[in-house]
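Participant: Sharing a structure here in structure tokens format.
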Amino acid sequence: MHFSGLRVIREALTGHKGWKPLWRNPEPQPAYDYIIVGGGGHGLATAYYLAKTFGRARIAVLEKSWLGSGNIGRNTTIIRSNYLLPGNEPFYEFSMKLWEGLEQEFNFNAMVSQRGILNLCHTDAQRDAFRRRGNAMLLAGADAELLDREQVRAMAPFLNFDNARFPIKGGLLQRRAGTARHDGVAWGYARGADMRGVDLIQNCEVTGFRIDGGRISGVETTRGYIAAGTVGVAVAGSSSRVMAMAGMRLPIESHVLQAFVSEGLKPTIPGVITFGAGHFYVSQSDKGGLVFGGDIDGYNSYAQRGNLPVIEDVAEGGMALMPMIGRARLLRVWGGIMDMSMDGSPIIDRTPVEGLYLNAGWCYGGFKATPASGYAFAHLLATGRPHETASAYRLDRFTRGYVIDEKGVGAQPNLH
Amino acid sequence: MLIPHPLLGLRDAQEFTYLGDAVLLNRPDGMAEGAEAAFAEYVYLRDNPAGVHRELWFHEQGDRSWLVVTRDTTTHEILGAELARDVKLKGGAA
Amino acid sequence: MTRLTGGLIDRARNLRFTFDGRTYAGHPGDTLASALLANGVRLMGRSFKYHRPRGVFSAGSEEPNALVELRSGARKEPNSRATVAELYDGLEAASQNHVGPLGFDLLAVNDLFSSFFAAGFYYKTFMWPRAFWEKLYEPAIRRAAGLGSLSMQPDPDAYDKGFLHCDLLVIGGGAAGLSAALTASRAGARVILADEDFRLGGRLLAESHLLDDAPATEWVAQAEAELAALPNVRILCRTTVIGAFDHGVYGAVERVADHLPEPGRQVRQTLWRITASRAVLAAGAIERHIPFRNNDRPGIMLAGAMRAYANRWAASPARRVAIFTNNDDGHRTALDLAAKGIEVAAVIDSRSDAQAQGHYRLVHGMVCDAKGRLGLRGVQIDSDGRREWLDCGALGVAGGWNPNVHLASHHRGRPVWDAALQAFVPGEGGPCGLIAAGAAKGQGSTAAALRSGAGAAVEALAQLGIEARSAELPAAEDAPAGLRPLWHVPGKGRAWVDFQNDVTVKDIKLAHQENMRPVEHLKRWTTLGMATDQGKTANVTALAVMSELTGKPIPETGTTIFRPPYSGVSLSVLGGGDTGPHFRPRRLTPTHEWARAQGAVFVEVGPWVRAQYFPRPGETHWRQTVDREVLATRAGVGICDVTTLGKVDVQGADAGEFLDRIYANAMKSLKVGMVRYGLMLREDGMAWDDGTCARLAEDHYVTTTTTAQAGPVYRQMEFARQCLWPELDVQLISTTDAWAQIAVAGPNARRLLERIVDGFDLSNEAFPFMACAGLMVCGGLRARLFRISFSGELAYEIAVPARYGQALVERLMEKGADLGATPYGTEALGVMRIEKGHAAGNELNGQTTAQMLGLGRMVSSKKDGIGAVMSRREGLAAETRVLVGLQPVDPAQPVLAGMHLFAEGAEHRTETDQGWITSACHSPHVGSSIGLGFLADGGTRMGETVIAANPLQGQKVALRVVPPHFIDPEGGRLRD
Amino acid sequence: MTDLTPITALGAHAPARHAFGALTITENAGLALASLALRRGATQPAPLGLALPGPGAWQAGQGVAAFWTGPGQWMIEAEDRAESDFAAALAAEAPGCSITEQSDGWTAFEVVSDRGGAPIRALMEKLVNIDAAAFGPGSATRTGLHHMGVFLIRRGEDRLAVIGMRSLAGALWHALEETAGRLKGEGA
């Protein structure tokens, strides 16, 4: 079914009787060519591009819960491509370009909203680092602008300019960045994949891998054994747990990241603003809620909840940056489980088990990567070769010494 | 969260700085044969269990002890805490 | 006016307040909602999506409809629930989310087109043309959405945080909570009793039945008096427990001054972090409604709320009311209102065998429609297919009660369905140590709640080893509710499930039709449960509707997890305390006051505030000042406070061995009385931190770290000491703050120091480059002297007890007047270290290696230092970028940190990028801008021209590659 | 004796002192501090006649006192001896121990109540996540206070010492002043 304004009007006039399920609820088949483990954003996008771009068939997505129940359903919806390192920036810019045509491509309004992201700097050294980063972005074909204090003030006059512990000296602006409606992204990919014959199987948890002579032959699930020649795992938050079933240890720890939304407010904040000195970033959703976050709680966790000190820390950062939000009320706090990798960058690679592929380690930047991650993983699954923008995301980079450490904090996942 | 400090009793986790898996106690011998492979594993690979996890916390705003805390990562329940020094002297994190 | 008799309001005092500019009067004890109802106001707000007229729905913090903007100016507080806004004299409130007057909201046009705005419609449209989303569609949606608006001014009030500890936290001060608190406190336990209301009693305040043959308020008053008198009890009224966190930590917000016109000298609110060994959740229950067509008309409310308004606040939404119920509780409302003189038009009971409990008309049937756009005028009743319109100004709806399980599910413990109660009750996996009691676990009758509260306290204390006996409890009503579920009234038209977000039964049906059936899909597709009440008034009803559609029982249809906070919390109080200059503590150097007196300009350096430069009269640009400071230092002597560098005192028999393992280079071999530069690696082999290491005695070293890494380095040293090598005899302690450390640099440095030391031989022979010693200065002051140089000049760092730092600098300035003594700040320090080619934070950014820094040979392979092994990995060894000096071919051209480097003639792309400039400055010594940077194969490209590109600012500059020492490359100045 | 004039941690020539209702806060500029750490195999000394206390405790003697700071580590205090080389004096009393001068590393604010323990507890409740009721006389600990690390010593029912890093004296004074001032506002 094609979605359009006309369709909405026609259905409204005829009692909405014509709307069809967004996707089927298929029974799992005994065998597929491709199995994607994980029905989150990356898994669904992978299935979508496998079917659409790479023309593959006999594909299933296995999701232990409901579609989109992973981190795509619990993030702060930011999209951007403002990275520094050559291993990252081209990939995220590729993602940005996919975002820019996404809704027309999959005929679903995911509310991709390019209202910009502004990273604030507070010292000369931070400004120098932003100059290096902004230039790296431009060199990779992305957009970037370095703003001085007055330019920042013109964009966001409500920030604390005159009474601050960490005075604002300027900022790095990426205008093409912004937000997207996270659930809409999952549903758009799911619907697009389903329309192309992908079986999206909910409530189907993978409980083991069947490996014969170093080659994958299928997966054990709570709904029985399913055979497959190629299995791609995209289960951020649970990567270590799932890959342990294939006998692998990963350079990943699971951590909880809390995110926050305020009660609805009339338009207040123009785009995304990040406060480097105070662990705080914020945007405003189309419904009016201020969506914000800060640092991870910092200890290994598989519980989708965090603790009060981080809530306070984030609110303190928000109040220091924009004291005018004080009378807004926090509505809801939630936690998501992040694959925190040892260098803060992801992994899209084959594994020592032939036919078994891994997409993991997104830290808390996985949402913005969804299109490119799906595309690059599909590319790898379909062709056996890494996509050109994802060629640095190798598993062996740690052993060999080619880490991609944007923050320069080393092998300590909770600092990335 | 509260950390049951073996000397000071329950203390707010905010006084502590977290490091990670207690296998970090088991630093390989840098002068040994094959040290590079051993270090790659030591520095980068983790079990990352969903369940009981032995991990290192530093009582930074406290007595400056490093602790090995045993904690369930699915419930956050803490099952015990020891001075890391004692654990190491007894032979490491095992 | 619909003010009734009785109630818990103080009629002796009048409070004036305004709503939408009109002035009304109420009494102490009123809420804004009760006072408005008493003044005959039913219309209070507009819904989120369709802008439907709405009135008060509840009598608590779960209110989804009657949201207002409270106060004005910088204190304006959007989305405030009128139902819990305590009335004070002069209160100002305004309705929100409408264009034009509340009674004629232009955006109510949305309601006419509601069928176009069905669940999920926006995912299906607004996609063409692409650019229209940001320009047209989205701004329009944003303007229409949202609720209230912020003042956009900083919050003027003060906020506090605090920490409380107790044996038992009792959450809720109703029947169950009071009996729990009495039971626990009499056993001697330390008890905190928190209630979100401004008055203890909970539902007891809203009911008319008796406790021990007396009004319930008498028992409440007795209990409160007893608790208040006990030293082991703390009562926190106006305090909402917002979340249950790990290990018995609860967040609670106390509204200290929200009931006052202004906080005055008090804080407005306090965030308490309560550490409780055990907790009793006695948070009561929230009544549920029964959706029917147009069930959102102002005047339709929960029956229990209607009863609360009558009994507690002596207010009624109308003179003639009706009740729609599926249980006996609805009849109580009829009786209580009738007793207050309100005309009960009818009680419509969906149970065919229901009996009237007093003198009122009982209709067996259902309410199936309502009329009265801005205020209810009548309801349509369907009794076995017979329909009639019944005039009434208000309708109380009683659909049963949902236990307030929220806090019990904050740890993702899922509530479980209790078929007997037809409600979710707290399940397993709740917060450890939290025991539910009273209506919060389905024990809804007063007698059961009292028993349950006391029982929970006994159980909780037994777990703590405290023996307690249940408080003796008053006799109380214990009637069963006789509920027979009716989840919604079938029929055409829109029947609201989630009021604020305008989610109707039809929307749920559409979600089902479109296969958005898992409860989380249902919520996200329809926005059900995402309003300010977070589904408190909607979720269970919606599940029941979905369950009907899928044919699966409610518990299989799903449940939802409630997340903190229990109800909305101001960001001000969560971020409480200092938001301005004291947002984070500042560390001041020992010479801060002196520098300020000299007119220094200060700069933030991590937690420190340091003098950046010292302008003199006539200097109009900071560059003039910095150039002067640099030149004066290089020509005479400069003085700079370098206290901020971290200092760690290392003692013990194995101190040398320990430092050998910590640093990449050797330290054990350092002679007593000497200093060595030290490089630290991270265990992953990357360069981490540098500093000096001075050996004061065989078993005593003092090491320095960079300012930025002082904390992490100390932590790492303790890690090495306790976790890696506890067998070594080493003791560590930070001495950063204990010593004021002053750099004295320049050709006249020795001459100046000679004037203050007490008989100490400073000659090059006696005290050569990299020497250190303890000595006396200024007539008997203990000091330490290090002959080290960051500037490239003959230089020393002298350390004295911090309290003397300022006096020492003053003395140095005084004694050095004829030697050209000049104070310099961090800016000149930076210029001189760039001229000398010393790495600092921009080079040691955690992404670089010793090899890149030109220090590769310092990493010893003869010992097992941290990071040595991993520094030899293939990728690190293959790195060709090394630190070089860069100088513009045209001296007028700028060099800026953050420029990227390219070969001449190369295209400027990621693939051709050869490095970047890390640090740059204007060098008065060279007479142009200069820079340091990492350049591919830099070591072999001396003299080559490269292009530094800064496309961000439209710059391209040709630079000559030079060694990274612009001054005194042989180091003669250091050693003379 | 040097002819240089010292300043206090707050940057003045005289110690700060301020009364807020029941509470008076005084900067204890004369307090000498030195750390003492046991070396491998050393027996625990009793310097200056002090029985070194166990974890979480403070032990007072004649003009001197000691509090536990970590396993095998203590801080030794001496009244009005900041100008002397207290570390050297202590070293002589504790052979085989690592002694480090700490007088100038810290600033001590003495909080005294003229209405018993309640105002002290009220102050603690607003500043530190330490159970004030369980932190009776003789208790000492390090904890966090407004993003700073501090030592707390309950010198008596009606008195509390808050010892913070010297460079943070201004920030610590601000926190104490603000909180004590608000308690006064609330009538504590």
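Starting from 1 in every chain, residues are counted up; chains themselves are A, B, ... following the order of the structure tokens, and ligands are numbered from 1 as listed.
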Distance limit 6 Å, atoms considered: only C-alpha atoms. Which chain A residues sit that close to chain B? Return them as a list in words.
Facilitator: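 Therefore, the residues near the partner are Arg249, Leu250, Pro251, Glu253, Ser301, Tyr302, Ala303 and Thr399 of chain A.
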Participant: Output the selection as a PDB file, in the first residue's frame - all heavy atoms for each residue.
Facilitator:
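In the end it all went to again33.pdb:
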ATOM      1  N   ARG A 249      34.539 -13.921  22.401  1.00  0.00           N
ATOM      2  CA  ARG A 249      34.579 -12.798  23.348  1.00  0.00           C
ATOM      3  C   ARG A 249      34.778 -11.547  22.515  1.00  0.00           C
ATOM      4  O   ARG A 249      35.547 -11.537  21.560  1.00  0.00           O
ATOM      5  CB  ARG A 249      35.740 -12.936  24.323  1.00  0.00           C
ATOM      6  CG  ARG A 249      35.580 -14.065  25.318  1.00  0.00           C
ATOM      7  CD  ARG A 249      36.857 -14.217  26.133  1.00  0.00           C
ATOM      8  NE  ARG A 249      36.887 -13.338  27.310  1.00  0.00           N
ATOM      9  CZ  ARG A 249      37.999 -12.793  27.800  1.00  0.00           C
ATOM     10  NH1 ARG A 249      39.153 -12.989  27.200  1.00  0.00           N
ATOM     11  NH2 ARG A 249      37.947 -12.035  28.888  1.00  0.00           N
ATOM     12  N   LEU A 250      34.124 -10.468  22.908  1.00  0.00           N
ATOM     13  CA  LEU A 250      34.158  -9.246  22.099  1.00  0.00           C
ATOM     14  C   LEU A 250      34.843  -8.101  22.858  1.00  0.00           C
ATOM     15  O   LEU A 250      34.863  -8.088  24.087  1.00  0.00           O
ATOM     16  CB  LEU A 250      32.734  -8.803  21.743  1.00  0.00           C
ATOM     17  CG  LEU A 250      31.888  -9.776  20.918  1.00  0.00           C
ATOM     18  CD1 LEU A 250      30.509  -9.174  20.658  1.00  0.00           C
ATOM     19  CD2 LEU A 250      32.571 -10.130  19.605  1.00  0.00           C
ATOM     20  N   PRO A 251      35.342  -7.126  22.107  1.00  0.00           N
ATOM     21  CA  PRO A 251      35.907  -5.930  22.742  1.00  0.00           C
ATOM     22  C   PRO A 251      34.792  -4.948  23.100  1.00  0.00           C
ATOM     23  O   PRO A 251      34.787  -3.800  22.663  1.00  0.00           O
ATOM     24  CB  PRO A 251      36.830  -5.376  21.655  1.00  0.00           C
ATOM     25  CG  PRO A 251      36.192  -5.806  20.373  1.00  0.00           C
ATOM     26  CD  PRO A 251      35.543  -7.134  20.651  1.00  0.00           C
ATOM     27  N   GLU A 253      31.714  -3.808  26.212  1.00  0.00           N
ATOM     28  CA  GLU A 253      31.009  -3.909  27.489  1.00  0.00           C
ATOM     29  C   GLU A 253      29.612  -3.336  27.299  1.00  0.00           C
ATOM     30  O   GLU A 253      29.420  -2.411  26.513  1.00  0.00           O
ATOM     31  CB  GLU A 253      31.716  -3.082  28.579  1.00  0.00           C
ATOM     32  CG  GLU A 253      33.031  -3.665  29.049  1.00  0.00           C
ATOM     33  CD  GLU A 253      33.679  -2.800  30.131  1.00  0.00           C
ATOM     34  OE1 GLU A 253      33.067  -1.786  30.536  1.00  0.00           O
ATOM     35  OE2 GLU A 253      34.795  -3.135  30.545  1.00  0.00           O
ATOM     36  N   SER A 301      26.097  -2.923  32.742  1.00  0.00           N
ATOM     37  CA  SER A 301      24.714  -3.157  33.122  1.00  0.00           C
ATOM     38  C   SER A 301      23.921  -3.722  31.961  1.00  0.00           C
ATOM     39  O   SER A 301      24.096  -3.314  30.813  1.00  0.00           O
ATOM     40  CB  SER A 301      24.062  -1.854  33.591  1.00  0.00           C
ATOM     41  OG  SER A 301      22.682  -2.079  33.839  1.00  0.00           O
ATOM     42  N   TYR A 302      23.053  -4.664  32.292  1.00  0.00           N
ATOM     43  CA  TYR A 302      22.065  -5.143  31.336  1.00  0.00           C
ATOM     44  C   TYR A 302      20.657  -4.763  31.791  1.00  0.00           C
ATOM     45  O   TYR A 302      19.670  -5.278  31.281  1.00  0.00           O
ATOM     46  CB  TYR A 302      22.156  -6.665  31.182  1.00  0.00           C
ATOM     47  CG  TYR A 302      23.319  -7.122  30.324  1.00  0.00           C
ATOM     48  CD1 TYR A 302      24.552  -7.417  30.890  1.00  0.00           C
ATOM     49  CD2 TYR A 302      23.175  -7.256  28.950  1.00  0.00           C
ATOM     50  CE1 TYR A 302      25.619  -7.845  30.107  1.00  0.00           C
ATOM     51  CE2 TYR A 302      24.235  -7.693  28.157  1.00  0.00           C
ATOM     52  CZ  TYR A 302      25.448  -7.987  28.741  1.00  0.00           C
ATOM     53  OH  TYR A 302      26.487  -8.404  27.954  1.00  0.00           O
ATOM     54  N   ALA A 303      20.573  -3.915  32.789  1.00  0.00           N
ATOM     55  CA  ALA A 303      19.258  -3.484  33.276  1.00  0.00           C
ATOM     56  C   ALA A 303      18.916  -2.189  32.544  1.00  0.00           C
ATOM     57  O   ALA A 303      19.727  -1.288  32.487  1.00  0.00           O
ATOM     58  CB  ALA A 303      19.301  -3.249  34.778  1.00  0.00           C
ATOM     59  N   THR A 399      43.755  -5.850  17.933  1.00  0.00           N
ATOM     60  CA  THR A 399      44.987  -6.621  18.010  1.00  0.00           C
ATOM     61  C   THR A 399      46.083  -5.971  17.174  1.00  0.00           C
ATOM     62  O   THR A 399      47.234  -5.909  17.582  1.00  0.00           O
ATOM     63  CB  THR A 399      44.744  -8.041  17.441  1.00  0.00           C
ATOM     64  OG1 THR A 399      43.469  -8.471  17.898  1.00  0.00           O
ATOM     65  CG2 THR A 399      45.815  -8.991  17.895  1.00  0.00           C
TER      66      THR A 399
END
Participant: Residues of chain B that approach chain D to 6 Å or less, counting only C-alpha atoms: could you list each one with the shortest pair of atoms and its distance in Å to one decimal, rows by chain and increasing residue number, as a Markdown table?
Facilitator:
| residue | atom | partner | partner_atom | distance |
| --- | --- | --- | --- | --- |
| B:Gln61 | CA | D:Thr143 | CA | 5.0 |
| B:Gly62 | CA | D:Arg142 | CA | 4.6 |
| B:Asp63 | CA | D:Gly70 | CA | 4.4 |
Participant: Any idea what's packed within 12 Å of Pro615 in chain C, counting only C-alpha atoms, ignoring anything in its chain fewer than 5 positions away? Could you give it as a VMD selection string?
Facilitator: chain C and resid 595 to 602 620 to 629 822 to 825 827 to 828
Participant: Take the residues that were just selected and, keeping N, CA, C and O atoms, output them as a short mmCIF file (atom, residue, chain, number, x, y, z; two decimals), in the first residue's frame.
Facilitator:
data_model
loop_
_atom_site.label_atom_id
_atom_site.label_comp_id
_atom_site.auth_asym_id
_atom_site.auth_seq_id
_atom_site.Cartn_x
_atom_site.Cartn_y
_atom_site.Cartn_z
N ALA C 595 47.49 37.88 41.50
CA ALA C 595 47.34 38.05 40.05
C ALA C 595 46.17 38.98 39.76
O ALA C 595 46.23 39.83 38.86
N ARG C 596 45.12 38.83 40.54
CA ARG C 596 43.95 39.69 40.32
C ARG C 596 44.34 41.15 40.57
O ARG C 596 43.95 42.04 39.82
N ALA C 597 45.11 41.36 41.62
CA ALA C 597 45.53 42.72 41.93
C ALA C 597 46.42 43.28 40.82
O ALA C 597 46.48 44.51 40.61
N GLN C 598 47.10 42.40 40.10
CA GLN C 598 47.94 42.86 38.98
C GLN C 598 47.13 43.10 37.72
O GLN C 598 47.68 43.43 36.68
N GLY C 599 45.83 42.85 37.80
CA GLY C 599 44.99 43.06 36.62
C GLY C 599 45.01 41.91 35.65
O GLY C 599 44.67 42.07 34.47
N ALA C 600 45.36 40.73 36.13
CA ALA C 600 45.45 39.58 35.23
C ALA C 600 44.09 39.25 34.62
O ALA C 600 43.05 39.45 35.25
N VAL C 601 44.13 38.74 33.41
CA VAL C 601 42.95 38.15 32.78
C VAL C 601 43.06 36.65 33.04
O VAL C 601 44.13 36.07 32.88
N PHE C 602 41.94 36.05 33.47
CA PHE C 602 41.99 34.64 33.87
C PHE C 602 41.38 33.74 32.81
O PHE C 602 40.58 34.18 31.99
N THR C 620 46.66 47.40 24.14
CA THR C 620 45.27 47.41 23.68
C THR C 620 44.83 46.05 23.14
O THR C 620 43.67 45.83 22.85
N HIS C 621 45.76 45.15 23.00
CA HIS C 621 45.42 43.84 22.43
C HIS C 621 46.18 42.79 23.22
O HIS C 621 47.32 43.01 23.62
N TRP C 622 45.53 41.66 23.43
CA TRP C 622 46.19 40.64 24.25
C TRP C 622 47.52 40.19 23.66
O TRP C 622 48.43 39.81 24.38
N ARG C 623 47.62 40.25 22.32
CA ARG C 623 48.87 39.83 21.70
C ARG C 623 50.06 40.68 22.14
O ARG C 623 51.17 40.19 22.36
N GLN C 624 49.81 42.00 22.28
CA GLN C 624 50.86 42.90 22.76
C GLN C 624 51.37 42.44 24.11
O GLN C 624 52.57 42.38 24.37
N THR C 625 50.44 42.13 24.97
CA THR C 625 50.78 41.72 26.32
C THR C 625 51.59 40.42 26.31
O THR C 625 52.63 40.31 26.96
N VAL C 626 51.10 39.48 25.55
CA VAL C 626 51.74 38.17 25.54
C VAL C 626 53.13 38.28 24.91
O VAL C 626 54.11 37.72 25.43
N ASP C 627 53.24 39.01 23.83
CA ASP C 627 54.56 39.19 23.22
C ASP C 627 55.54 39.81 24.22
O ASP C 627 56.69 39.39 24.33
N ARG C 628 55.07 40.80 24.93
CA ARG C 628 55.93 41.45 25.93
C ARG C 628 56.37 40.45 27.00
O ARG C 628 57.54 40.39 27.37
N GLU C 629 55.42 39.65 27.47
CA GLU C 629 55.76 38.69 28.52
C GLU C 629 56.79 37.68 28.02
O GLU C 629 57.74 37.32 28.74
N THR C 822 59.21 39.76 35.27
CA THR C 822 57.90 39.99 34.64
C THR C 822 57.00 38.78 34.90
O THR C 822 57.41 37.64 34.62
N PRO C 823 55.83 39.01 35.42
CA PRO C 823 54.92 37.86 35.54
C PRO C 823 54.38 37.47 34.17
O PRO C 823 54.13 38.35 33.34
N TYR C 824 54.25 36.19 33.94
CA TYR C 824 53.61 35.77 32.69
C TYR C 824 52.54 34.72 32.97
O TYR C 824 52.55 34.04 33.99
N GLY C 825 51.60 34.65 32.04
CA GLY C 825 50.45 33.76 32.23
C GLY C 825 50.52 32.56 31.30
O GLY C 825 51.53 32.28 30.66
N GLU C 827 49.20 32.05 28.54
CA GLU C 827 49.33 32.32 27.11
C GLU C 827 50.81 32.38 26.71
O GLU C 827 51.24 31.75 25.74
N ALA C 828 51.59 33.16 27.48
CA ALA C 828 53.03 33.24 27.20
C ALA C 828 53.69 31.88 27.44
O ALA C 828 54.59 31.47 26.69
#
Participant: Go through chain C residue by residue and, counting only C-alpha atoms, keep those with an atom at most 7 Å from chain D; for each kept residue give the shortest atom pair and its distance in Å to one decimal, ordered by chain and increasing number, as a Markdown table.
Facilitator:
| residue | atom | partner | partner_atom | distance |
| --- | --- | --- | --- | --- |
| C:Lys161 | CA | D:Lys126 | CA | 6.0 |
| C:Gly162 | CA | D:Lys126 | CA | 4.0 |
| C:Phe163 | CA | D:Glu125 | CA | 5.0 |
| C:Leu164 | CA | D:Glu125 | CA | 6.3 |
| C:His165 | CA | D:Asp131 | CA | 5.8 |
| C:Arg265 | CA | D:Gly185 | CA | 5.6 |
| C:Gln266 | CA | D:Gly185 | CA | 6.1 |
| C:Arg584 | CA | D:His147 | CA | 6.9 |
| C:Pro585 | CA | D:Ala171 | CA | 5.4 |
| C:Arg586 | CA | D:Ala171 | CA | 6.4 |
| C:Arg587 | CA | D:Ser167 | CA | 4.8 |
| C:Leu588 | CA | D:Ser167 | CA | 4.9 |
| C:Thr589 | CA | D:Ser167 | CA | 6.1 |
| C:Glu593 | CA | D:Gly11 | CA | 6.3 |
| C:Gln651 | CA | D:Ser98 | CA | 6.3 |
| C:Gly652 | CA | D:Arg39 | CA | 6.6 |
| C:Asp729 | CA | D:Arg40 | CA | 5.4 |
| C:Gln731 | CA | D:Ala37 | CA | 6.7 |
| C:Thr735 | CA | D:Gly105 | CA | 6.3 |
| C:Asp737 | CA | D:Gly105 | CA | 4.4 |
| C:Ala738 | CA | D:Gly105 | CA | 3.5 |
| C:Trp739 | CA | D:Asp104 | CA | 6.8 |
| C:Cys778 | CA | D:Thr2 | CA | 5.6 |
| C:Gly779 | CA | D:Thr2 | CA | 4.4 |
| C:Gly780 | CA | D:Thr2 | CA | 4.8 |
| C:Leu781 | CA | D:Thr2 | CA | 5.4 |
| C:Pro801 | CA | D:Asp104 | CA | 5.9 |
| C:Ala802 | CA | D:Asp104 | CA | 5.4 |
| C:Arg803 | CA | D:Pro6 | CA | 4.9 |
| C:Tyr804 | CA | D:Pro6 | CA | 4.7 |
| C:Ala807 | CA | D:Leu4 | CA | 5.7 |
Participant: Write out as a PyMOL selection string all residues of range 328-476 of chain C that backbone DSSP assigns to strand (DSSP E or B).
Facilitator: chain C and resi 343-349+362-364+366-371+378-383+386-391+394-398+401-403+416-418+423-425+434-436
Participant: At a cut-off of 8 Å, list the chain B residues touching chain C, using only C-alpha atoms, as a list in words.
Facilitator: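 Close to chain C, chain B has Met1, Leu2, Leu25, Asn26, Arg27, Asp29, Gly30, Met31, Ala35, Glu36, Phe39, Ala40, Val43, Phe58, Glu60, Arg64, Ser65, Trp66, His76, Glu77, Ala84, Arg85, Lys88 and Leu89 of chain B.
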Participant: Counting only C-alpha atoms, a student should be able to say which residues of chain A come within 6 Å of chain C; what is the right answer, written as a ChimeraX atom specification?
Facilitator: /A:3-5,12,20-22,108-109,128,131-132,135,139-140,163-165,263-266,286-288,307,312,315-316,319-320,323-324,326-333,400-402,408-409
Participant: Do you have the CA of Ser352 in chain C-CA of Pro291 in chain C distance handy?
Facilitator: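 Computing the Euclidean distance for CA of Ser352 in chain C and CA of Pro291 in chain C yields 18.9 Å.
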Participant: Quick one, how far is CA of Glu406 in chain A from CA of Ser345 in chain A?
Facilitator: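 That distance, rounded to one decimal, is 7.8 Å.
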Participant: Skipping near chain neighbours, those fewer than 4 positions away, what residues fall within 9 Å of Leu172 in chain A using only C-alpha atoms, listed as a PyMOL selection string?
Facilitator: chain A and resi 82+117-121+127+130-131+133-134+144-148
Participant: For range 17-26 of chain D, list every protein, DNA or RNA residue within 7 Å, evaluated using only C-alpha atoms, and leave out those in the same chain fewer than 3 positions away; present the list as a list of chain:residue names.
Facilitator: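 The residues that qualify are D:Phe109, D:Glu110, D:Val111, D:Val112, D:Ser113, D:Asp114, D:Arg115, D:Pro119, D:Ala180, D:Gly181, D:Lys184.
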Participant: Can you pull out the residues contacting Ala457 in chain C? Cut-off 7 Å, using only C-alpha atoms, and skip same-chain residues under 6 positions away; I want them as a compact mmCIF listing (two decimals) with N, CA and C atoms, in the first residue's frame.
Facilitator:
# COMPACT_ATOMS: atom_id res chain seq x y z
N ALA C 180 1.38 2.08 58.75
CA ALA C 180 2.74 1.57 58.63
C ALA C 180 3.70 2.44 59.44
N THR C 183 3.21 1.91 63.20
CA THR C 183 3.74 0.61 63.61
C THR C 183 5.27 0.64 63.70
N ALA C 184 5.89 1.19 62.66
CA ALA C 184 7.35 1.18 62.61
C ALA C 184 7.95 2.13 63.63
N VAL C 280 7.88 1.06 52.37
CA VAL C 280 6.50 0.60 52.18
C VAL C 280 5.86 1.50 51.14
Participant: Taking the DSSP assignment computed from this structure's backbone, write out as a compact mmCIF listing (two decimals) with C-alpha atoms, in the first residue's frame all residues of range 157-254 of chain A that belong to alpha helix (DSSP H).
Facilitator:
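Listed below is the output, part.txt:
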# COMPACT_ATOMS: atom_id res chain seq x y z
CA HIS A 182 13.08 6.92 15.99
CA ASP A 183 10.12 4.53 15.92
CA GLY A 184 9.19 5.81 12.49
CA VAL A 185 12.59 4.77 11.20
CA ALA A 186 12.15 1.25 12.51
CA TRP A 187 8.65 1.01 11.11
CA GLY A 188 9.65 2.44 7.75
CA TYR A 189 12.38 -0.12 7.33
CA ALA A 190 10.19 -2.92 8.67
CA ARG A 191 7.37 -2.09 6.32
CA GLY A 192 9.76 -1.69 3.40
CA ALA A 193 11.40 -5.03 4.14
CA ASP A 194 8.08 -6.80 4.61
CA MET A 195 6.81 -5.42 1.29
CA SER A 239 26.17 -8.52 21.35
CA SER A 240 28.45 -10.15 23.92
CA ARG A 241 25.71 -12.46 25.10
CA VAL A 242 24.70 -13.57 21.64
CA MET A 243 28.22 -13.96 20.28
CA ALA A 244 29.22 -15.95 23.35
